[in-house]
Amino acid sequence: MGIPNRPHPLARAKAAVWAGRAVQALWDRGLTPKPPLEPAFLWEVGSRGFDPQDETSLRSKAEVEDFRARLDQLCASLREDAALNAMGHAMAYGQLTSAIRKRHALGQAWRETPQLAQTAIAPPIIVVGQMRAGTTRMHRLLAADPRHAGTRFCNSHNPVPVSPDWRPLKAGAALAIARRINPWLDALHPFGATRVDEEIGWLAGALSPATFEAQWHIPGFVGWSETRDPAPVYAEFARVLRTDAATMGDADRPRVLKCPQFSEDLPALLAQFPDARLVVTRRDSAEVLDSSVSLVASQMAVQSDHGDLAGIEREWQRKLRLREQRLETALAEFRGPVAWVDFERLNADWPGEIAQTYAALDLPLTDAALAAMHREQSRAEHGSHTAHKTQLAQFAAS
């Protein structure tokens, strides 16, 4: 199915409108209670069926306290700042109870098999840069190399190891629903249940702001989080990565990691993986801003009836500037291998950019790697995300 016309950055599909009305009707008629976005209530729901020790398993006291503090602040900002509609309220409830449940499930797995979180892994390759700056393309090209590994979308959004592994089926069903609610989803980011994707789900599971600030207007939580040490988030991230590597049987291959939030938190991430190699993508700042605003507006439009396009643009001008400043500071202190990738050159000659990237990282570029990358690039060229360029041109013209 093709991508339908998107007349405005804050456009909302009929399916999203109908779904929101259905949720509101359930609450209004008393068929199901509207769940409060209160930490205690969410905790009771999310932790149901787990042992209290699952919260603390392998986690320091500071890490346990950090998650609780993040939950308190995020809930307060959702209630006070976000102006959520019924759909947004239901989605916030679902995401936060899911984060609590998965945190307990991971703790349970680590209590039973602590060596999972202590798996020795090859030094990762970390793709950093602003969102919409070519990070996904570089991420997937590098992960296509048979000597490297990447994180499946389904594993990012559910890192709890299970047998049999039903996560691809569940993720596929979730994506099908998401595409009905937001039919422009794949134009913004090409998804697939088992496709290599960013580890934003692992960050969301530790209540890092990355996935939440792109959906909701939550300045209280975002401002609070930006001044907070993210070390507890990345301690959890490292345990999840080691667990995933053990589960997927690829601990001996460098995992290619990617999330735009890394630009904001790079020292904390590198503290966990000091031997990492870095790939830094760059793109014209105005183009990055336009594309970022389009992505954020599309997600916020579904969850609030009070979308403010000018406000979204101001916030993401600030956010992108903050990430750029923090990334520059972190890179100035990093002494490991760094490859710089230019967005325009990546568009014009991706094999050339790959070749210089491998040279900068002191990695051999094999024929097998190039062949796999050609297959990945061919898949990308025929993907729905190419429609986003047309959308941006229409927005600019109107």
# chains A, B, ... in the order shown; residues from 1 in each chain; ligands from 1

$ closest_atom_pairs --of "range 359-388 of chain A" --to "range 325-346 of chain A" --cutoff "10 Å" --atoms "only C-alpha atoms" --output "CSV"
residue,atom,partner,partner_atom,distance
A:Ala359,CA,A:Ala339,CA,8.3
A:Ala360,CA,A:Ala339,CA,5.2
A:Leu361,CA,A:Pro337,CA,5.4
A:Asp362,CA,A:Pro337,CA,7.9

$ residues_around --residues "range 91-103 of chain A" --least-positions-apart "2" --cutoff "6 Å" --atoms "only C-alpha atoms" --output "list in words"
Leu42, Gly46, Ser47, Gly88, His89, Ala105, Leu106 and Gly205 of chain A

$ write_last_selection --atoms "N, CA, C and O atoms" --output "compact mmCIF listing (two decimals), in the first residue's frame"
# COMPACT_ATOMS: atom_id res chain seq x y z
N LEU A 42 0.59 3.14 38.27
CA LEU A 42 1.30 2.52 37.16
C LEU A 42 2.23 1.43 37.67
O LEU A 42 2.37 0.37 37.03
N GLY A 46 2.19 -2.39 36.47
CA GLY A 46 3.35 -2.90 35.75
C GLY A 46 4.11 -3.98 36.48
O GLY A 46 4.72 -4.85 35.85
N SER A 47 4.10 -3.95 37.80
CA SER A 47 4.88 -4.92 38.58
C SER A 47 4.07 -6.14 39.00
O SER A 47 4.60 -7.03 39.66
N GLY A 88 -3.68 9.80 23.43
CA GLY A 88 -2.39 10.05 24.05
C GLY A 88 -2.33 9.52 25.46
O GLY A 88 -1.32 8.96 25.90
N HIS A 89 -3.42 9.70 26.21
CA HIS A 89 -3.47 9.20 27.59
C HIS A 89 -3.34 7.68 27.60
O HIS A 89 -2.57 7.12 28.40
N ALA A 105 10.75 -7.85 34.39
CA ALA A 105 11.03 -9.11 33.70
C ALA A 105 12.52 -9.29 33.45
O ALA A 105 13.06 -10.40 33.57
N LEU A 106 13.21 -8.20 33.12
CA LEU A 106 14.66 -8.28 32.97
C LEU A 106 15.32 -8.61 34.30
O LEU A 106 16.23 -9.44 34.38
N GLY A 205 12.98 1.98 28.07
CA GLY A 205 12.78 1.09 29.20
C GLY A 205 13.42 1.58 30.47
O GLY A 205 13.02 1.18 31.58

$ closest_atom_pairs --of "range 295-336 of chain A" --to "range 20-35 of chain A" --cutoff "12 Å" --atoms "only C-alpha atoms" --output "JSON lines"
{"residue": "A:Ala301", "atom": "CA", "partner": "A:Gly20", "partner_atom": "CA", "distance": 11.7}
{"residue": "A:Val302", "atom": "CA", "partner": "A:Gly20", "partner_atom": "CA", "distance": 8.6}
{"residue": "A:Gln303", "atom": "CA", "partner": "A:Gly20", "partner_atom": "CA", "distance": 8.6}
{"residue": "A:Ser304", "atom": "CA", "partner": "A:Gly20", "partner_atom": "CA", "distance": 10.2}
{"residue": "A:Asp305", "atom": "CA", "partner": "A:Gly20", "partner_atom": "CA", "distance": 10.7}

$ write_last_selection --atoms "C-alpha atoms" --output "PDB file, in the first residue's frame"
ATOM      1  CA  ALA A 301      -0.754  15.079  16.376  1.00  0.00           C
ATOM      2  CA  VAL A 302      -2.144  11.660  17.286  1.00  0.00           C
ATOM      3  CA  GLN A 303      -1.828  12.173  21.035  1.00  0.00           C
ATOM      4  CA  SER A 304      -2.849  15.787  21.649  1.00  0.00           C
ATOM      5  CA  ASP A 305      -5.481  18.119  20.209  1.00  0.00           C
TER       6      ASP A 305
END

$ residues_around --residues "Leu175 in chain A" --least-positions-apart "2" --cutoff "10 Å" --atoms "only C-alpha atoms" --output "PyMOL selection string"
chain A and resi 169-173+177-181+185-186+191-193

$ write_last_selection --atoms "C-alpha atoms" --output "compact mmCIF listing (two decimals), in the first residue's frame"
# COMPACT_ATOMS: atom_id res chain seq x y z
CA LEU A 169 5.15 -11.81 15.72
CA LYS A 170 4.16 -9.41 18.47
CA ALA A 171 6.21 -6.58 16.97
CA GLY A 172 4.71 -7.22 13.55
CA ALA A 173 1.20 -6.97 14.98
CA ILE A 177 -1.74 -1.26 14.31
CA ALA A 178 0.68 1.67 14.37
CA ARG A 179 0.49 1.99 10.58
CA ARG A 180 -3.29 2.19 10.78
CA ILE A 181 -3.11 4.92 13.40
CA LEU A 185 4.89 6.08 9.76
CA ASP A 186 7.08 4.31 7.22
CA PHE A 191 10.25 -0.23 10.04
CA GLY A 192 10.29 -4.01 10.05
CA ALA A 193 9.72 -6.44 12.93

$ select_by_dssp --residues "range 112-251 of chain A" --states "alpha helix (DSSP H)" --output "PyMOL selection string"
chain A and resi 112+135-144+153-157+167-181+185-188+200-205+210-213+219-226+231-248

$ select_by_dssp --residues "range 92-335 of chain A" --states "strand (DSSP E or B)" --output "PyMOL selection string"
chain A and resi 125-128+149+152+196+255-258+277-282+304

$ closest_residue --among "A:His139, A:Arg152, A:His157, A:Arg314" --to "Lys258 in chain A" --atoms "only C-alpha atoms"
A:His139

$ closest_residue --among "A:Thr247, A:Leu141, A:Asp290, A:Thr151" --to "Ala355 in chain A" --atoms "only C-alpha atoms"
A:Leu141

$ closest_residue --among "A:Leu37, A:Asn155, A:Met300, A:Thr366" --to "Thr211 in chain A" --atoms "only C-alpha atoms"
A:Met300
